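Trainee: So that you have it, the file is structure.cif, and it contains mmCIF, C-alpha atoms:
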data_structure
loop_
_atom_site.group_PDB
_atom_site.id
_atom_site.type_symbol
_atom_site.label_atom_id
_atom_site.label_comp_id
_atom_site.auth_asym_id
_atom_site.auth_seq_id
_atom_site.Cartn_x
_atom_site.Cartn_y
_atom_site.Cartn_z
ATOM 1 C CA MET A 1 -16.385 -2.602 8.593
ATOM 2 C CA ARG A 2 -13.754 -4.248 10.752
ATOM 3 C CA ILE A 3 -9.977 -3.846 10.552
ATOM 4 C CA ARG A 4 -7.830 -6.807 11.562
ATOM 5 C CA SER A 5 -4.550 -8.468 10.754
ATOM 6 C CA ILE A 6 -4.444 -10.421 7.517
ATOM 7 C CA CYS A 7 -4.961 -14.193 7.723
ATOM 8 C CA GLU A 8 -4.716 -17.105 5.322
ATOM 9 C CA ALA A 9 -8.428 -16.895 4.439
ATOM 10 C CA ASP A 10 -7.931 -13.337 3.121
ATOM 11 C CA MET A 11 -5.160 -14.170 0.659
ATOM 12 C CA GLY A 12 -7.334 -14.941 -2.369
ATOM 13 C CA GLN A 13 -9.415 -11.787 -2.069
ATOM 14 C CA CYS A 14 -6.362 -9.586 -1.464
ATOM 15 C CA LEU A 15 -4.599 -11.137 -4.430
ATOM 16 C CA ALA A 16 -7.623 -10.470 -6.655
ATOM 17 C CA ILE A 17 -7.610 -6.815 -5.582
ATOM 18 C CA TYR A 18 -3.899 -6.463 -6.317
ATOM 19 C CA ASN A 19 -3.991 -8.352 -9.604
ATOM 20 C CA TYR A 20 -6.742 -6.011 -10.817
ATOM 21 C CA TYR A 21 -4.403 -3.048 -10.268
ATOM 22 C CA ILE A 22 -1.508 -4.848 -11.989
ATOM 23 C CA GLU A 23 -3.583 -5.704 -15.035
ATOM 24 C CA ASN A 24 -5.599 -2.500 -15.407
ATOM 25 C CA THR A 25 -3.679 0.453 -13.975
ATOM 26 C CA CYS A 26 -0.319 2.140 -13.841
ATOM 27 C CA TYR A 27 -0.653 2.435 -10.033
ATOM 28 C CA THR A 28 1.719 -0.476 -9.500
ATOM 29 C CA PHE A 29 4.714 -0.937 -11.733
ATOM 30 C CA GLU A 30 4.348 -4.703 -11.672
ATOM 31 C CA GLU A 31 3.352 -6.056 -15.056
ATOM 32 C CA ALA A 32 2.851 -9.792 -14.494
ATOM 33 C CA LEU A 33 -0.057 -11.054 -12.414
ATOM 34 C CA LEU A 34 0.968 -12.679 -9.154
ATOM 35 C CA GLU A 35 0.283 -16.307 -8.369
ATOM 36 C CA PRO A 36 -1.147 -17.246 -4.960
ATOM 37 C CA GLU A 37 2.171 -18.617 -3.681
ATOM 38 C CA GLN A 38 4.006 -15.446 -4.654
ATOM 39 C CA PHE A 39 1.475 -13.328 -2.780
ATOM 40 C CA ARG A 40 1.580 -15.596 0.286
ATOM 41 C CA GLY A 41 5.365 -15.417 0.296
ATOM 42 C CA ARG A 42 5.297 -11.635 0.270
ATOM 43 C CA VAL A 43 2.750 -11.497 3.080
ATOM 44 C CA SER A 44 4.808 -13.945 5.119
ATOM 45 C CA ARG A 45 7.986 -11.919 4.673
ATOM 46 C CA ILE A 46 6.305 -8.597 5.479
ATOM 47 C CA THR A 47 4.376 -9.770 8.546
ATOM 48 C CA ARG A 48 7.551 -10.992 10.249
ATOM 49 C CA ARG A 49 8.412 -7.350 10.877
ATOM 50 C CA PHE A 50 5.547 -5.050 9.882
ATOM 51 C CA PRO A 51 1.771 -4.687 10.279
ATOM 52 C CA TYR A 52 -0.518 -5.929 7.506
ATOM 53 C CA PHE A 53 -4.229 -5.173 7.885
ATOM 54 C CA VAL A 54 -7.409 -5.955 5.998
ATOM 55 C CA ALA A 55 -10.727 -4.127 6.037
ATOM 56 C CA VAL A 56 -13.541 -6.680 6.095
ATOM 57 C CA LYS A 57 -17.312 -6.396 5.938
ATOM 58 C CA ASP A 58 -19.670 -9.372 5.815
ATOM 59 C CA GLY A 59 -16.779 -11.696 5.016
ATOM 60 C CA GLN A 60 -15.579 -9.605 2.077
ATOM 61 C CA VAL A 61 -12.169 -7.958 1.986
ATOM 62 C CA LEU A 62 -12.735 -4.323 1.006
ATOM 63 C CA GLY A 63 -9.063 -3.433 1.000
ATOM 64 C CA TYR A 64 -5.726 -3.981 2.669
ATOM 65 C CA ALA A 65 -2.744 -1.979 3.852
ATOM 66 C CA TYR A 66 0.732 -2.808 5.045
ATOM 67 C CA LEU A 67 4.079 -1.322 5.874
ATOM 68 C CA ASP A 68 7.332 -2.686 4.531
ATOM 69 C CA ALA A 69 10.999 -1.749 4.695
ATOM 70 C CA PHE A 70 11.666 1.571 3.002
ATOM 71 C CA HIS A 71 15.269 0.512 2.636
ATOM 72 C CA GLU A 72 17.133 -2.452 4.073
ATOM 73 C CA ARG A 73 20.084 -0.530 5.544
ATOM 74 C CA SER A 74 19.814 -0.293 9.326
ATOM 75 C CA ALA A 75 19.776 3.504 9.568
ATOM 76 C CA TYR A 76 16.363 3.443 7.830
ATOM 77 C CA ARG A 77 14.809 1.255 10.537
ATOM 78 C CA TYR A 78 12.499 4.027 11.797
ATOM 79 C CA THR A 79 11.013 4.633 8.344
ATOM 80 C CA ALA A 80 8.604 2.336 6.501
ATOM 81 C CA ASP A 81 7.050 2.172 3.048
ATOM 82 C CA LEU A 82 3.237 2.245 2.929
ATOM 83 C CA SER A 83 0.966 0.382 0.514
ATOM 84 C CA ILE A 84 -2.828 0.584 0.476
ATOM 85 C CA TYR A 85 -5.025 -1.230 -2.022
ATOM 86 C CA VAL A 86 -8.804 -0.874 -1.966
ATOM 87 C CA ASP A 87 -11.217 -2.988 -3.981
ATOM 88 C CA ARG A 88 -12.129 -0.894 -7.023
ATOM 89 C CA ARG A 89 -15.826 -1.106 -6.051
ATOM 90 C CA CYS A 90 -15.066 0.448 -2.641
ATOM 91 C CA VAL A 91 -12.884 3.412 -3.642
ATOM 92 C CA GLN A 92 -13.902 6.715 -2.011
ATOM 93 C CA MET A 93 -15.977 4.946 0.643
ATOM 94 C CA GLY A 94 -13.569 5.606 3.526
ATOM 95 C CA VAL A 95 -11.875 2.196 3.467
ATOM 96 C CA GLY A 96 -8.413 3.621 2.775
ATOM 97 C CA SER A 97 -8.767 6.226 5.523
ATOM 98 C CA VAL A 98 -9.698 3.620 8.125
ATOM 99 C CA LEU A 99 -6.823 1.367 7.045
ATOM 100 C CA LEU A 100 -4.386 4.282 7.156
ATOM 101 C CA ALA A 101 -5.492 5.239 10.671
ATOM 102 C CA GLU A 102 -4.809 1.685 11.872
ATOM 103 C CA ILE A 103 -1.452 1.559 10.092
ATOM 104 C CA GLU A 104 -0.398 4.850 11.679
ATOM 105 C CA ARG A 105 -1.503 3.692 15.139
ATOM 106 C CA SER A 106 0.452 0.483 14.749
ATOM 107 C CA ALA A 107 3.504 2.270 13.321
ATOM 108 C CA LYS A 108 3.674 4.624 16.297
ATOM 109 C CA GLU A 109 3.263 1.681 18.668
ATOM 110 C CA VAL A 110 6.382 -0.004 17.277
ATOM 111 C CA GLY A 111 8.433 3.195 17.265
ATOM 112 C CA LEU A 112 8.410 4.160 13.595
ATOM 113 C CA LYS A 113 8.999 7.856 12.899
ATOM 114 C CA ASN A 114 8.217 8.211 9.180
ATOM 115 C CA ILE A 115 5.968 6.668 6.564
ATOM 116 C CA ILE A 116 6.871 6.953 2.890
ATOM 117 C CA SER A 117 4.551 6.355 -0.047
ATOM 118 C CA VAL A 118 5.892 5.962 -3.552
ATOM 119 C CA ILE A 119 3.003 6.925 -5.816
ATOM 120 C CA ALA A 120 2.775 6.673 -9.583
ATOM 121 C CA SER A 121 2.236 10.224 -10.811
ATOM 122 C CA CYS A 122 -0.702 9.001 -12.912
ATOM 123 C CA ASN A 123 -2.520 7.974 -9.700
ATOM 124 C CA GLU A 124 -4.171 11.317 -8.957
ATOM 125 C CA GLY A 125 -6.622 9.765 -6.499
ATOM 126 C CA SER A 126 -3.787 8.441 -4.356
ATOM 127 C CA VAL A 127 -1.988 11.786 -4.508
ATOM 128 C CA ARG A 128 -5.148 13.546 -3.237
ATOM 129 C CA PHE A 129 -5.660 10.866 -0.561
ATOM 130 C CA HIS A 130 -2.145 11.246 0.810
ATOM 131 C CA GLU A 131 -2.249 15.037 0.792
ATOM 132 C CA LYS A 132 -5.626 14.963 2.579
ATOM 133 C CA HIS A 133 -4.043 12.791 5.295
ATOM 134 C CA GLY A 134 -1.042 14.995 5.963
ATOM 135 C CA PHE A 135 1.577 13.524 3.642
ATOM 136 C CA ARG A 136 3.864 15.958 1.831
ATOM 137 C CA CYS A 137 5.358 15.492 -1.601
ATOM 138 C CA MET A 138 9.122 15.379 -1.186
ATOM 139 C CA GLY A 139 10.052 14.919 -4.826
ATOM 140 C CA GLU A 140 9.373 13.271 -8.142
ATOM 141 C CA LEU A 141 11.450 10.924 -10.258
ATOM 142 C CA GLU A 142 10.517 11.400 -13.884
ATOM 143 C CA ASN A 143 10.069 8.615 -16.411
ATOM 144 C CA VAL A 144 11.516 5.827 -14.257
ATOM 145 C CA GLY A 145 8.954 3.170 -15.186
ATOM 146 C CA TYR A 146 7.529 1.925 -18.464
ATOM 147 C CA LYS A 147 4.128 0.222 -18.534
ATOM 148 C CA PHE A 148 1.260 0.139 -21.033
ATOM 149 C CA HIS A 149 3.516 1.694 -23.690
ATOM 150 C CA GLN A 150 4.137 4.860 -21.690
ATOM 151 C CA TRP A 151 6.835 6.303 -19.485
ATOM 152 C CA LEU A 152 5.751 6.813 -15.886
ATOM 153 C CA SER A 153 7.009 8.980 -13.058
ATOM 154 C CA VAL A 154 6.772 8.450 -9.306
ATOM 155 C CA LYS A 155 6.249 10.891 -6.463
ATOM 156 C CA TYR A 156 7.667 10.364 -2.984
ATOM 157 C CA TYR A 157 5.289 11.319 -0.186
ATOM 158 C CA GLN A 158 6.323 11.442 3.462
ATOM 159 C CA LYS A 159 4.476 11.741 6.739
ATOM 160 C CA GLY A 160 6.206 12.124 10.063
ATOM 161 C CA LEU A 161 4.641 10.338 12.988
#
Is it possible to give me this structure as structure tokens?
Mentor:
Amino acid sequence: MRIRSICEADMGQCLAIYNYYIENTCYTFEEALLEPEQFRGRVSRITRRFPYFVAVKDGQVLGYAYLDAFHERSAYRYTADLSIYVDRRCVQMGVGSVLLAEIERSAKEVGLKNIISVIASCNEGSVRFHEKHGFRCMGELENVGYKFHQWLSVKYYQKGL
């Protein structure tokens, strides 16, 4: 498996991974599938300022991870929001851990001090993953999202670099 920056050729596979999670899980609070141009636009915006990596093996994208602004106000500039999405067929195979290690390396390199993950409380696998990698739960907002006919809560996880 190789970790590298995202490129145009990865967009379709990354979008398929993300759209699976939109359509089938409460892990993202998005409800409408993204179109290719929407996804490209997001990647373009994010990569102007933050790292965006893919894990690739034999030409297949196994997962991707990126940092984004935690908040737009300037005082938050040393803190970033983390997202990791792994192809459902590759979960618990170490892909997320390798992506996280590269994200953390890159974050330190550019002077970031904190990484925040906003995790749907229903996503127990992600909660375990973050705790295993040194993130601490800093709080929970109850019933702030509504998807699949249920109210959903989010947990805020933080890791200092």
Trainee: With distances taken over all atoms listed in the file, which residue among A:Phe129, A:Tyr66, A:Tyr78, A:Phe148 lies nearest Arg4 of chain A?
Mentor: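 Ranked by minimum distance to Arg4 of chain A, first place goes to A:Tyr66.
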Trainee: For the interface of segment 59-146 of chain A with segment 20-43 of chain A (cut-off 12 Å, counting all atoms listed in the file), please tabulate each contacting residue of segment 59-146 of chain A alongside its nearest pair of atoms and their separation in Å to one decimal, rows sorted by chain and increasing number, as CSV.
Mentor:
residue,atom,partner,partner_atom,distance
A:Tyr64,CA,A:Val43,CA,11.3
A:Ala65,CA,A:Val43,CA,11.0
A:Tyr66,CA,A:Val43,CA,9.1
A:Leu67,CA,A:Val43,CA,10.6
A:Asp68,CA,A:Val43,CA,10.0
A:Ser83,CA,A:Thr28,CA,10.1
A:Ile84,CA,A:Tyr27,CA,10.9
A:Tyr85,CA,A:Tyr21,CA,8.5
A:Val86,CA,A:Tyr21,CA,9.6
A:Asp87,CA,A:Tyr20,CA,8.7
A:Arg88,CA,A:Tyr20,CA,8.3
A:Arg89,CA,A:Tyr20,CA,11.4
A:Ser117,CA,A:Tyr27,CA,11.9
A:Val118,CA,A:Thr28,CA,9.7
A:Ile119,CA,A:Tyr27,CA,7.2
A:Ala120,CA,A:Tyr27,CA,5.5
A:Ser121,CA,A:Tyr27,CA,8.3
A:Cys122,CA,A:Cys26,CA,6.9
A:Asn123,CA,A:Tyr27,CA,5.9
A:Glu124,CA,A:Tyr27,CA,9.6
A:Gly125,CA,A:Tyr27,CA,10.1
A:Ser126,CA,A:Tyr27,CA,8.8
A:Val127,CA,A:Tyr27,CA,10.9
A:Asn143,CA,A:Phe29,CA,11.9
A:Val144,CA,A:Phe29,CA,9.9
A:Gly145,CA,A:Phe29,CA,6.8
A:Tyr146,CA,A:Phe29,CA,7.8
Trainee: Quick one: of A:Lys159, A:Arg128, A:Arg48, A:Lys147, who's nearest to Gln92 of chain A, counting only C-alpha atoms?
Mentor: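 Between A:Lys159, A:Arg128, A:Arg48, A:Lys147, the residue approaching Gln92 of chain A most closely is A:Arg128.
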Trainee: Tell me which of A:Gly134, A:Gly96, A:Gly111, A:Gly63 sits closest to Arg77 of chain A, counting only C-alpha atoms.
Mentor: A:Gly111
Trainee: Please compute the atom CA of Lys155 of chain A-atom CA of Arg136 of chain A distance, one decimal, in Å.
Mentor: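 Atom-to-atom, atom CA of Lys155 of chain A and atom CA of Arg136 of chain A are spaced 10.0 Å apart.
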Trainee: Determine the residue set returned by the PyMOL selection byres ((chain A and resi 105-107) around 10) for the present structure, and present it as a list of chain:residue names.
Mentor: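 Listing what the PyMOL selection byres ((chain A and resi 105-107) around 10) selects in the shown file: A:Phe50, A:Pro51, A:Tyr52, A:Leu67, A:Tyr78, A:Thr79, A:Ala80, A:Leu99, A:Leu100, A:Ala101, A:Glu102, A:Ile103, A:Glu104, A:Lys108, A:Glu109, A:Val110, A:Gly111, A:Leu112, A:Lys113, A:Asn114, A:Ile115, A:Leu161.
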Trainee: Skipping near chain neighbours, those fewer than 3 positions away, what residues fall within 10 Å of Leu62 of chain A using all atoms listed in the file, listed as a list of chain:residue names?
Mentor: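 These residues fall inside the cut-off: A:Met1, A:Arg2, A:Ile3, A:Gln13, A:Cys14, A:Ile17, A:Val54, A:Ala55, A:Val56, A:Lys57, A:Asp58, A:Gly59, A:Tyr85, A:Val86, A:Asp87, A:Arg88, A:Arg89, A:Cys90, A:Val91, A:Met93, A:Val95, A:Gly96.
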Trainee: To one decimal place in Å, what is the distance between atom CA of Leu141 of chain A and atom CA of Arg45 of chain A?
Mentor: 27.5 Å
